[in-house]
Amino acid sequence: MTAAKTSSKSKSDAGKSDPPPKKAEPEAEPLRERLRLLYHGRSLTAHRFRYGLLAFDIVTIIFIIGTSFIPRELWVEYLDVIFGLVILADFCARIWVSPHPVREFAHPATWADMVAIFSFLAPIVGEGLGFLRILRTLRLLHTYQLVSRLRADSMFFRRNEETITAVINLGVFVFIMTGIVYETQHWRNPLIANYVDALYFTVTALTTTGFGDITLEGSLGRLMAVAIMIVGVTLFLRLAQALLRPQKVRFPCPECGLQRHEADAVHCKACGTTLNIPDEGRF
């Protein structure tokens, strides 16, 4: 009888299934990993985040150029600090999530950011170091993930990437040289009274027009004029070349890897492989 009861109890216990184990709650991602995914990830959120950074860079550039032509006031100083703190936070985050933080300091964009942060947060009287802030523009040329996404999202960017890059290069050079001319000349050259005068001289020197109504004083001034003419003309011709020569599309050849081809190319000009370049209805 006892054996029968024991057997029956064992059978009833066997019929009962063990309760399923509780699922472990997923651990929250560390802040560093979340930031890394925003800066280097491929998710929709990451792409939107980088587009936001691009929009901020453009607003920063507009602010830099706009405030160069108006007197320094208290509200400008407050905006300086706000822009500087945002750029500083972005700079620290990028260095923190980088797999090789030390190597970041070998990139020109990193030094451009450091100069921009200093110029925003340092006390500035008058124009001061304001011209250094335009170096922030270099960030637009070094956001590789963003450029890659722009190629995928924007037909206009794909068609005009070389022209856009040439315009940015020329614009950066013009405004940097304008700032240098102003900072080195306005205190001793009565012809350079404001930022507009410096911009006027830079453009006339770059185009080799040379009206002669504004000239730079001293050996340093002449050397700057030479640099503006040589480098400026080179960048200007690069822009003209991008505008006038037949545009090419970026499409890697599956065999030899050649990146750029004519928009209506059927075969790769390097190896002859048949290409299937999407033309989006243009041809």
# chains A, B, ... in the order shown; residues from 1 in each chain; ligands from 1
>>> residues_around(residues="Cys256 in chain A", least_positions_apart="3", cutoff="9 Å", atoms="only C-alpha atoms", output="PyMOL selection string")
chain A and resi 252-253+268+270-271+273
>>> write_last_selection(atoms="all heavy atoms", output="JSON list (two decimals), in the first residue's frame")
[["chain", "number", "residue", "atom", "x", "y", "z"],
["A", 252, "PRO", "N", 31.77, 51.65, -57.88],
["A", 252, "PRO", "CA", 32.96, 50.80, -57.94],
["A", 252, "PRO", "C", 32.81, 49.68, -58.97],
["A", 252, "PRO", "O", 31.79, 48.98, -58.99],
["A", 252, "PRO", "CB", 33.07, 50.24, -56.52],
["A", 252, "PRO", "CG", 31.69, 50.35, -55.95],
["A", 252, "PRO", "CD", 31.06, 51.54, -56.59],
["A", 253, "CYS", "N", 33.82, 49.52, -59.80],
["A", 253, "CYS", "CA", 33.83, 48.41, -60.76],
["A", 253, "CYS", "C", 33.97, 47.10, -60.00],
["A", 253, "CYS", "O", 34.84, 46.98, -59.13],
["A", 253, "CYS", "CB", 34.99, 48.59, -61.74],
["A", 253, "CYS", "SG", 35.24, 47.17, -62.84],
["A", 268, "CYS", "N", 33.69, 49.44, -67.97],
["A", 268, "CYS", "CA", 34.75, 50.09, -67.22],
["A", 268, "CYS", "C", 35.89, 50.43, -68.16],
["A", 268, "CYS", "O", 36.37, 49.57, -68.91],
["A", 268, "CYS", "CB", 35.23, 49.18, -66.09],
["A", 268, "CYS", "SG", 36.65, 49.83, -65.19],
["A", 270, "ALA", "N", 38.88, 50.98, -67.44],
["A", 270, "ALA", "CA", 40.16, 50.42, -67.00],
["A", 270, "ALA", "C", 40.30, 48.95, -67.37],
["A", 270, "ALA", "O", 41.36, 48.51, -67.81],
["A", 270, "ALA", "CB", 40.32, 50.60, -65.49],
["A", 271, "CYS", "N", 39.21, 48.18, -67.17],
["A", 271, "CYS", "CA", 39.32, 46.73, -67.41],
["A", 271, "CYS", "C", 38.29, 46.20, -68.40],
["A", 271, "CYS", "O", 38.34, 45.03, -68.77],
["A", 271, "CYS", "CB", 39.22, 45.98, -66.09],
["A", 271, "CYS", "SG", 37.60, 46.09, -65.30],
["A", 273, "THR", "N", 35.08, 45.64, -67.92],
["A", 273, "THR", "CA", 33.97, 44.90, -67.33],
["A", 273, "THR", "C", 32.65, 45.64, -67.55],
["A", 273, "THR", "O", 32.60, 46.88, -67.47],
["A", 273, "THR", "CB", 34.21, 44.73, -65.81],
["A", 273, "THR", "OG1", 35.43, 44.02, -65.62],
["A", 273, "THR", "CG2", 33.06, 43.96, -65.16]]
>>> residues_around(residues="range 37-42 of chain A", least_positions_apart="2", cutoff="12 Å", atoms="only C-alpha atoms", output="MDAnalysis selection string")
chainID A and resid 29:35 44:53 90:91 93:99 143:146 148:149
>>> residues_around(residues="Leu244 in chain A", least_positions_apart="5", cutoff="12 Å", atoms="only C-alpha atoms", output="compact mmCIF listing (two decimals) with N, CA, C and O atoms, in the first residue's frame")
# COMPACT_ATOMS: atom_id res chain seq x y z
N ASN A 160 26.83 66.14 -57.67
CA ASN A 160 27.64 67.36 -57.55
C ASN A 160 28.65 67.30 -56.41
O ASN A 160 29.06 68.34 -55.90
N GLU A 162 31.88 66.58 -56.26
CA GLU A 162 33.14 67.26 -56.51
C GLU A 162 32.97 68.78 -56.46
O GLU A 162 33.82 69.50 -55.92
N THR A 163 31.88 69.27 -57.03
CA THR A 163 31.63 70.71 -57.03
C THR A 163 31.40 71.22 -55.61
O THR A 163 31.95 72.27 -55.22
N LEU A 237 40.58 77.38 -59.81
CA LEU A 237 40.63 76.56 -61.02
C LEU A 237 40.07 75.17 -60.77
O LEU A 237 39.45 74.57 -61.65
N ARG A 238 40.30 74.66 -59.55
CA ARG A 238 39.73 73.35 -59.20
C ARG A 238 38.22 73.41 -59.23
O ARG A 238 37.56 72.47 -59.70
N LEU A 239 37.65 74.50 -58.75
CA LEU A 239 36.20 74.66 -58.79
C LEU A 239 35.71 74.79 -60.23
O LEU A 239 34.71 74.16 -60.61
>>> select_by_dssp(residues="range 37-252 of chain A", states="helix (DSSP H, G or I)", output="PyMOL selection string")
chain A and resi 37-40+44-67+74-97+101-104+108-121+130-141+144-153+155-185+195-206+218-244
>>> residues_around(residues="range 211-215 of chain A", least_positions_apart="3", cutoff="9 Å", atoms="only C-alpha atoms", output="number ranges by chain")
A: 189, 191-192, 197-198, 200-201, 204-205, 208, 221-222, 225
>>> closest_residue(among="A:Ile228, A:Val172, A:Ile65, A:Ile180", to="Ala112 in chain A", atoms="only C-alpha atoms")
A:Val172
>>> residues_around(residues="range 229-236 of chain A", least_positions_apart="4", cutoff="8 Å", atoms="only C-alpha atoms", output="PyMOL selection string")
chain A and resi 166+169-170+173-174+205-208+225+240
